[in-house]
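Remarks on the structure that follows.
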Amino acid sequence: MQGVLKQLKDHSPLDYEALGALLKEIDFATVYYESLLPNISSSDTYSRNILTLNPIEVVLIHWPTNVSSAVHRHDGFWGYVAVLSGSCENVEYLYKEGVISEIHRMQFLKGGLIPEPDGTLHKMYNPSGEESLVTAHFYYPPLENMDNMVIYNLENQRIGTLNDKASTASWSEPDEHFKSIQENAFKFVPGKI
Ligand SMILES: [Fe+2]
């Protein structure tokens with residue numbers, strides 16, 4: 001992983017396409033990350049270890065079995081996610097005229113690279129009930145915390161805006177880590193359109 005961080009420094013500044021081209025050349029199935037891996041602190045949510053914020057953010061995420069991020073929007077930030085161990089399901093949604101519907105779903109295995117363009121509305125999760133998942137996230141601009149991140153709860157139609165105390169994009173954050181929570185905020189149409 002130290003080699004990856006050095007390459008990113010040497011090639012900055014990078015735009016979305018250039019970052020993708022650089023990351024596609026790296027064999028993430030063989031990157032050494034074990035000594036940097038954050039311990040799983042709760043079986044309900046993922047644990048993060050920010051490796052650097054310069055020139056882009058690189059964060060390692062350790063996902064317990066069957067754990068999901070909340071559905072969240074990339075508003076002004078973009079990047080990629082590399083799967084280092086396990087498998088990762090990425091589900092993309094469309095939010096149009098007050099209705100959220102699923103538009104795309106794909107599973108990525110060890111070594112896979114998941115694009116997260118600006119404006120995307122999605123969630124990621126570990127679909128395995130046996131194996132934990134390890135991912136490396138590359139984001140620009142760097143986010144030190146989840147301040148102003150907007151997350152969606154499809155089960156109860158809530159929209160939450162997190163504050164700077166939140167460290168995960170997830171509904172398991174306590175109430176004091178939210179700036180606001182909006183009830184009955186949208187309609188969700190299950191199933192892919
Ligand atoms: Fe994301």
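Residues are referred to by chain and number: the chain letter is A, B, ... according to the order shown in the structure tokens, the number counts from 1 in that chain, and ligands are numbered separately from 1 in the order shown.
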
Residue neighbourhood Ile159 of chain A, 8 Å, only C-alpha atoms, exclusion window fewer than 5 positions, as a ChimeraX atom specification: /A:150-153,181-183,185

Generate the output file for the selected residues, C-alpha atoms, as a short mmCIF file (atom, residue, chain, number, x, y, z; two decimals), in the first residue's frame.
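That gives us out-v1.cif:
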data_model
loop_
_atom_site.label_atom_id
_atom_site.label_comp_id
_atom_site.auth_asym_id
_atom_site.auth_seq_id
_atom_site.Cartn_x
_atom_site.Cartn_y
_atom_site.Cartn_z
CA VAL A 150 -26.60 13.14 3.15
CA ILE A 151 -27.76 9.58 3.81
CA TYR A 152 -31.05 7.88 2.98
CA ASN A 153 -32.94 5.14 4.80
CA ILE A 181 -33.29 14.11 10.00
CA GLN A 182 -36.22 14.53 7.61
CA GLU A 183 -39.15 12.11 7.95
CA ALA A 185 -38.78 12.48 2.71
#

Return as a ChimeraX atom specification the full set of residues in segment 19-177 of chain A whose backbone-based DSSP assignment is strand (DSSP E). /A:47-52,57-63,71-73,78-85,88-96,99-108,113-116,121-125,133-140,150-153,158-162

Write as a PyMOL selection string the residues around ligand 1, taking 9 Å as the cut-off and counting only C-alpha atoms and all ligand atoms. chain A and resi 69+71-74+78-81+116-117+120-124+137+169

Close residues, Leu51 of chain A itself excluded, 9 Å, only C-alpha atoms, min 3 positions apart in chain, as a PyMOL selection string: chain A and resi 5+36+57-60

Nearest residue to Gly160 of chain A from the set A:Phe77, A:Phe178, A:Tyr32, A:Tyr125 (distances using only C-alpha atoms): A:Phe178

Env of segment 13-19 of chain A: 9 Å cut, atoms = only C-alpha atoms, seq-sep filter 3 positions within chain, self excluded. Answer as a VMD selection string. chain A and resid 8 to 10 22 to 24 55 to 56 78 to 80 117 138 140

Selected residue, from A:Leu143, A:Cys88, A:Ala166, A:Val189, that lies nearest to Glu102 of chain A when counting only C-alpha atoms: A:Val189

Excluding Ile40 of chain A and any residue of its chain fewer than 5 positions from it, enumerate the residues within 9 Å of it, using only C-alpha atoms, and give them as a PDB file with all heavy atoms, in the first residue's frame.
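See around_12.pdb below for the written result:
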ATOM      1  N   THR A  45     -21.413  -1.973  11.939  1.00  0.00           N
ATOM      2  CA  THR A  45     -20.940  -0.987  10.971  1.00  0.00           C
ATOM      3  C   THR A  45     -19.473  -1.241  10.648  1.00  0.00           C
ATOM      4  O   THR A  45     -18.815  -2.087  11.260  1.00  0.00           O
ATOM      5  CB  THR A  45     -21.173   0.451  11.490  1.00  0.00           C
ATOM      6  OG1 THR A  45     -20.944   1.378  10.420  1.00  0.00           O
ATOM      7  CG2 THR A  45     -20.260   0.804  12.658  1.00  0.00           C
ATOM      8  N   TYR A  46     -18.990  -0.504   9.676  1.00  0.00           N
ATOM      9  CA  TYR A  46     -17.616  -0.702   9.228  1.00  0.00           C
ATOM     10  C   TYR A  46     -16.643   0.168  10.030  1.00  0.00           C
ATOM     11  O   TYR A  46     -17.041   1.130  10.669  1.00  0.00           O
ATOM     12  CB  TYR A  46     -17.493  -0.416   7.734  1.00  0.00           C
ATOM     13  CG  TYR A  46     -17.968   0.945   7.279  1.00  0.00           C
ATOM     14  CD1 TYR A  46     -17.187   2.080   7.457  1.00  0.00           C
ATOM     15  CD2 TYR A  46     -19.188   1.096   6.621  1.00  0.00           C
ATOM     16  CE1 TYR A  46     -17.601   3.322   7.010  1.00  0.00           C
ATOM     17  CE2 TYR A  46     -19.615   2.335   6.171  1.00  0.00           C
ATOM     18  CZ  TYR A  46     -18.809   3.440   6.367  1.00  0.00           C
ATOM     19  OH  TYR A  46     -19.228   4.674   5.927  1.00  0.00           O
ATOM     20  N   SER A  47     -15.353  -0.182   9.973  1.00  0.00           N
ATOM     21  CA  SER A  47     -14.302   0.591  10.644  1.00  0.00           C
ATOM     22  C   SER A  47     -13.370   1.172   9.587  1.00  0.00           C
ATOM     23  O   SER A  47     -13.101   0.520   8.575  1.00  0.00           O
ATOM     24  CB  SER A  47     -13.490  -0.303  11.578  1.00  0.00           C
ATOM     25  OG  SER A  47     -14.345  -0.896  12.518  1.00  0.00           O
ATOM     26  N   ARG A  48     -12.892   2.405   9.853  1.00  0.00           N
ATOM     27  CA  ARG A  48     -12.080   3.110   8.858  1.00  0.00           C
ATOM     28  C   ARG A  48     -10.698   3.422   9.407  1.00  0.00           C
ATOM     29  O   ARG A  48     -10.546   3.688  10.592  1.00  0.00           O
ATOM     30  CB  ARG A  48     -12.733   4.441   8.479  1.00  0.00           C
ATOM     31  CG  ARG A  48     -14.133   4.342   8.002  1.00  0.00           C
ATOM     32  CD  ARG A  48     -14.828   5.696   8.032  1.00  0.00           C
ATOM     33  NE  ARG A  48     -14.559   6.467   6.851  1.00  0.00           N
ATOM     34  CZ  ARG A  48     -14.083   7.697   6.837  1.00  0.00           C
ATOM     35  NH1 ARG A  48     -13.818   8.317   7.963  1.00  0.00           N
ATOM     36  NH2 ARG A  48     -13.875   8.334   5.702  1.00  0.00           N
ATOM     37  N   HIS A  62     -12.817  -1.774   6.782  1.00  0.00           N
ATOM     38  CA  HIS A  62     -12.975  -3.176   7.181  1.00  0.00           C
ATOM     39  C   HIS A  62     -14.461  -3.395   7.474  1.00  0.00           C
ATOM     40  O   HIS A  62     -15.021  -2.759   8.363  1.00  0.00           O
ATOM     41  CB  HIS A  62     -12.125  -3.422   8.441  1.00  0.00           C
ATOM     42  CG  HIS A  62     -11.853  -4.861   8.710  1.00  0.00           C
ATOM     43  ND1 HIS A  62     -11.050  -5.274   9.735  1.00  0.00           N
ATOM     44  CD2 HIS A  62     -12.264  -5.981   8.084  1.00  0.00           C
ATOM     45  CE1 HIS A  62     -10.982  -6.592   9.736  1.00  0.00           C
ATOM     46  NE2 HIS A  62     -11.707  -7.048   8.750  1.00  0.00           N
ATOM     47  N   TRP A  63     -15.086  -4.275   6.691  1.00  0.00           N
ATOM     48  CA  TRP A  63     -16.541  -4.494   6.783  1.00  0.00           C
ATOM     49  C   TRP A  63     -16.807  -5.849   7.419  1.00  0.00           C
ATOM     50  O   TRP A  63     -16.410  -6.881   6.858  1.00  0.00           O
ATOM     51  CB  TRP A  63     -17.161  -4.520   5.391  1.00  0.00           C
ATOM     52  CG  TRP A  63     -16.878  -3.365   4.492  1.00  0.00           C
ATOM     53  CD1 TRP A  63     -15.682  -3.035   3.917  1.00  0.00           C
ATOM     54  CD2 TRP A  63     -17.827  -2.391   4.020  1.00  0.00           C
ATOM     55  NE1 TRP A  63     -15.825  -1.931   3.126  1.00  0.00           N
ATOM     56  CE2 TRP A  63     -17.126  -1.521   3.169  1.00  0.00           C
ATOM     57  CE3 TRP A  63     -19.195  -2.196   4.243  1.00  0.00           C
ATOM     58  CZ2 TRP A  63     -17.753  -0.446   2.534  1.00  0.00           C
ATOM     59  CZ3 TRP A  63     -19.814  -1.134   3.610  1.00  0.00           C
ATOM     60  CH2 TRP A  63     -19.096  -0.268   2.766  1.00  0.00           C
ATOM     61  N   PRO A  64     -17.517  -5.892   8.539  1.00  0.00           N
ATOM     62  CA  PRO A  64     -17.955  -7.186   9.066  1.00  0.00           C
ATOM     63  C   PRO A  64     -18.901  -7.877   8.075  1.00  0.00           C
ATOM     64  O   PRO A  64     -19.362  -7.258   7.107  1.00  0.00           O
ATOM     65  CB  PRO A  64     -18.698  -6.822  10.360  1.00  0.00           C
ATOM     66  CG  PRO A  64     -18.294  -5.447  10.695  1.00  0.00           C
ATOM     67  CD  PRO A  64     -17.963  -4.783   9.395  1.00  0.00           C
TER      68      PRO A  64
END

So, counting only C-alpha atoms, which residue among A:Met149, A:Ala136, A:Asn66, A:Gly129 is closest to Tyr33 of chain A?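 Of all the options, A:Ala136 lies closest to Tyr33 of chain A.
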
For Phe108 of chain A, work out the shell of residues within 9 Å, counting only C-alpha atoms and skipping chain neighbours fewer than 3 positions away, then give it as number ranges by chain. A: 82-83, 86-90, 111-114

What residues in chain A get the DSSP label alpha helix (DSSP H)? Please answer as a ChimeraX atom specification. /A:2-10,16-24

Keeping N, CA, C and O atoms, export the residues of the selection given above as a compact mmCIF listing (two decimals), in the first residue's frame.
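Resulting contents of again-v9.txt:
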# COMPACT_ATOMS: atom_id res chain seq x y z
N GLN A 2 2.05 1.21 0.64
CA GLN A 2 2.93 2.39 0.65
C GLN A 2 3.33 2.78 -0.77
O GLN A 2 3.44 3.96 -1.10
N GLY A 3 3.54 1.77 -1.63
CA GLY A 3 3.88 2.02 -3.04
C GLY A 3 2.75 2.72 -3.77
O GLY A 3 2.98 3.62 -4.60
N VAL A 4 1.51 2.34 -3.45
CA VAL A 4 0.34 2.97 -4.07
C VAL A 4 0.28 4.45 -3.66
O VAL A 4 0.07 5.34 -4.49
N LEU A 5 0.51 4.72 -2.36
CA LEU A 5 0.45 6.10 -1.86
C LEU A 5 1.52 6.95 -2.54
O LEU A 5 1.29 8.12 -2.88
N LYS A 6 2.71 6.38 -2.75
CA LYS A 6 3.80 7.12 -3.40
C LYS A 6 3.44 7.44 -4.85
O LYS A 6 3.66 8.56 -5.32
N GLN A 7 2.87 6.46 -5.55
CA GLN A 7 2.46 6.70 -6.95
C GLN A 7 1.45 7.84 -7.04
O GLN A 7 1.52 8.65 -7.95
N LEU A 8 0.52 7.88 -6.09
CA LEU A 8 -0.51 8.93 -6.11
C LEU A 8 0.13 10.30 -5.90
O LEU A 8 -0.24 11.28 -6.54
N LYS A 9 1.11 10.37 -4.99
CA LYS A 9 1.83 11.64 -4.73
C LYS A 9 2.60 12.07 -5.97
O LYS A 9 2.56 13.23 -6.37
N ASP A 10 3.29 11.12 -6.59
CA ASP A 10 4.14 11.43 -7.75
C ASP A 10 3.32 11.90 -8.94
O ASP A 10 3.82 12.64 -9.79
N TYR A 16 -10.59 12.80 -12.44
CA TYR A 16 -11.31 11.53 -12.26
C TYR A 16 -10.79 10.45 -13.23
O TYR A 16 -10.51 9.32 -12.82
N GLU A 17 -10.66 10.81 -14.51
CA GLU A 17 -10.22 9.81 -15.51
C GLU A 17 -8.78 9.38 -15.25
O GLU A 17 -8.46 8.19 -15.33
N ALA A 18 -7.91 10.34 -14.96
CA ALA A 18 -6.49 10.01 -14.76
C ALA A 18 -6.30 9.14 -13.52
O ALA A 18 -5.48 8.21 -13.52
N LEU A 19 -7.05 9.43 -12.46
CA LEU A 19 -6.97 8.59 -11.25
C LEU A 19 -7.41 7.16 -11.57
O LEU A 19 -6.76 6.19 -11.17
N GLY A 20 -8.50 7.03 -12.32
CA GLY A 20 -8.98 5.71 -12.71
C GLY A 20 -7.95 4.96 -13.53
O GLY A 20 -7.71 3.76 -13.31
N ALA A 21 -7.31 5.65 -14.47
CA ALA A 21 -6.30 5.01 -15.33
C ALA A 21 -5.12 4.53 -14.48
O ALA A 21 -4.61 3.42 -14.68
N LEU A 22 -4.71 5.34 -13.51
CA LEU A 22 -3.58 4.95 -12.65
C LEU A 22 -3.95 3.75 -11.78
O LEU A 22 -3.19 2.78 -11.68
N LEU A 23 -5.14 3.79 -11.19
CA LEU A 23 -5.55 2.71 -10.28
C LEU A 23 -5.77 1.39 -11.03
O LEU A 23 -5.52 0.31 -10.49
N LYS A 24 -6.23 1.48 -12.28
CA LYS A 24 -6.47 0.25 -13.07
C LYS A 24 -5.17 -0.51 -13.35
O LYS A 24 -5.19 -1.71 -13.61

Report, in Å with one decimal, the straight-line distance from atom CA of Gln107 of chain A to atom CA of Asp27 of chain A.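 Computing it gives 18.0 Å between the two atoms.
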
Residues within 12 Å of Lys187 of chain A, only C-alpha atoms, excluding chain neighbours under 2 positions, as a JSON list (two decimals) with N, CA, C and O atoms, in the first residue's frame:
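And here's around04.json as it stands now:
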[["chain", "number", "residue", "atom", "x", "y", "z"],
["A", 94, "LEU", "N", -31.51, 5.97, -8.47],
["A", 94, "LEU", "CA", -31.92, 7.23, -9.11],
["A", 94, "LEU", "C", -32.92, 7.91, -8.18],
["A", 94, "LEU", "O", -33.83, 7.26, -7.68],
["A", 95, "TYR", "N", -32.73, 9.21, -7.94],
["A", 95, "TYR", "CA", -33.67, 9.98, -7.13],
["A", 95, "TYR", "C", -34.28, 11.02, -8.04],
["A", 95, "TYR", "O", -33.61, 11.96, -8.47],
["A", 96, "LYS", "N", -35.56, 10.81, -8.38],
["A", 96, "LYS", "CA", -36.20, 11.70, -9.34],
["A", 96, "LYS", "C", -37.61, 12.02, -8.87],
["A", 96, "LYS", "O", -38.39, 11.10, -8.58],
["A", 97, "GLU", "N", -37.90, 13.29, -8.77],
["A", 97, "GLU", "CA", -39.24, 13.77, -8.40],
["A", 97, "GLU", "C", -39.76, 13.09, -7.15],
["A", 97, "GLU", "O", -40.90, 12.60, -7.11],
["A", 98, "GLY", "N", -38.91, 13.01, -6.14],
["A", 98, "GLY", "CA", -39.33, 12.48, -4.84],
["A", 98, "GLY", "C", -39.38, 10.97, -4.75],
["A", 98, "GLY", "O", -39.84, 10.42, -3.76],
["A", 99, "VAL", "N", -38.93, 10.26, -5.81],
["A", 99, "VAL", "CA", -38.97, 8.80, -5.81],
["A", 99, "VAL", "C", -37.56, 8.25, -6.00],
["A", 99, "VAL", "O", -36.83, 8.69, -6.90],
["A", 100, "ILE", "N", -37.17, 7.29, -5.14],
["A", 100, "ILE", "CA", -35.88, 6.62, -5.28],
["A", 100, "ILE", "C", -36.13, 5.22, -5.84],
["A", 100, "ILE", "O", -37.00, 4.49, -5.34],
["A", 101, "SER", "N", -35.37, 4.87, -6.89],
["A", 101, "SER", "CA", -35.47, 3.51, -7.44],
["A", 101, "SER", "C", -34.07, 3.00, -7.77],
["A", 101, "SER", "O", -33.15, 3.79, -7.99],
["A", 152, "TYR", "N", -29.64, 8.21, 3.22],
["A", 152, "TYR", "CA", -31.05, 7.88, 2.98],
["A", 152, "TYR", "C", -31.35, 6.53, 3.62],
["A", 152, "TYR", "O", -30.56, 5.60, 3.50],
["A", 153, "ASN", "N", -32.50, 6.42, 4.26],
["A", 153, "ASN", "CA", -32.94, 5.14, 4.80],
["A", 153, "ASN", "C", -34.14, 4.68, 3.97],
["A", 153, "ASN", "O", -35.23, 5.27, 4.05],
["A", 154, "LEU", "N", -33.93, 3.64, 3.16],
["A", 154, "LEU", "CA", -34.98, 3.21, 2.23],
["A", 154, "LEU", "C", -36.13, 2.52, 2.96],
["A", 154, "LEU", "O", -37.25, 2.47, 2.45],
["A", 155, "GLU", "N", -35.84, 1.98, 4.17],
["A", 155, "GLU", "CA", -36.88, 1.24, 4.91],
["A", 155, "GLU", "C", -37.93, 2.18, 5.51],
["A", 155, "GLU", "O", -39.11, 1.87, 5.53],
["A", 156, "ASN", "N", -37.47, 3.35, 6.02],
["A", 156, "ASN", "CA", -38.44, 4.24, 6.67],
["A", 156, "ASN", "C", -38.51, 5.63, 6.02],
["A", 156, "ASN", "O", -39.06, 6.57, 6.60],
["A", 157, "GLN", "N", -37.94, 5.75, 4.82],
["A", 157, "GLN", "CA", -38.03, 6.98, 4.02],
["A", 157, "GLN", "C", -37.50, 8.22, 4.74],
["A", 157, "GLN", "O", -38.06, 9.31, 4.64],
["A", 158, "ARG", "N", -36.39, 8.04, 5.48],
["A", 158, "ARG", "CA", -35.78, 9.19, 6.16],
["A", 158, "ARG", "C", -34.55, 9.66, 5.38],
["A", 158, "ARG", "O", -33.84, 8.84, 4.79],
["A", 159, "ILE", "N", -34.30, 10.96, 5.45],
["A", 159, "ILE", "CA", -33.06, 11.53, 4.93],
["A", 159, "ILE", "C", -32.34, 12.19, 6.11],
["A", 159, "ILE", "O", -32.94, 12.99, 6.83],
["A", 183, "GLU", "N", -38.28, 13.28, 8.01],
["A", 183, "GLU", "CA", -39.15, 12.11, 7.95],
["A", 183, "GLU", "C", -39.99, 12.14, 6.66],
["A", 183, "GLU", "O", -40.27, 13.22, 6.13],
["A", 184, "ASN", "N", -40.44, 10.97, 6.22],
["A", 184, "ASN", "CA", -41.30, 10.86, 5.01],
["A", 184, "ASN", "C", -40.75, 11.72, 3.87],
["A", 184, "ASN", "O", -41.49, 12.49, 3.24],
["A", 185, "ALA", "N", -39.46, 11.56, 3.61],
["A", 185, "ALA", "CA", -38.78, 12.48, 2.71],
["A", 185, "ALA", "C", -38.86, 12.07, 1.24],
["A", 185, "ALA", "O", -38.57, 12.88, 0.36],
["A", 189, "VAL", "N", -39.23, 2.84, -4.52],
["A", 189, "VAL", "CA", -39.81, 1.77, -5.33],
["A", 189, "VAL", "C", -38.81, 0.63, -5.37],
["A", 189, "VAL", "O", -37.76, 0.74, -6.01],
["A", 190, "PRO", "N", -39.07, -0.48, -4.62],
["A", 190, "PRO", "CA", -38.10, -1.59, -4.60],
["A", 190, "PRO", "C", -38.02, -2.27, -5.97],
["A", 190, "PRO", "O", -38.96, -2.20, -6.76]]
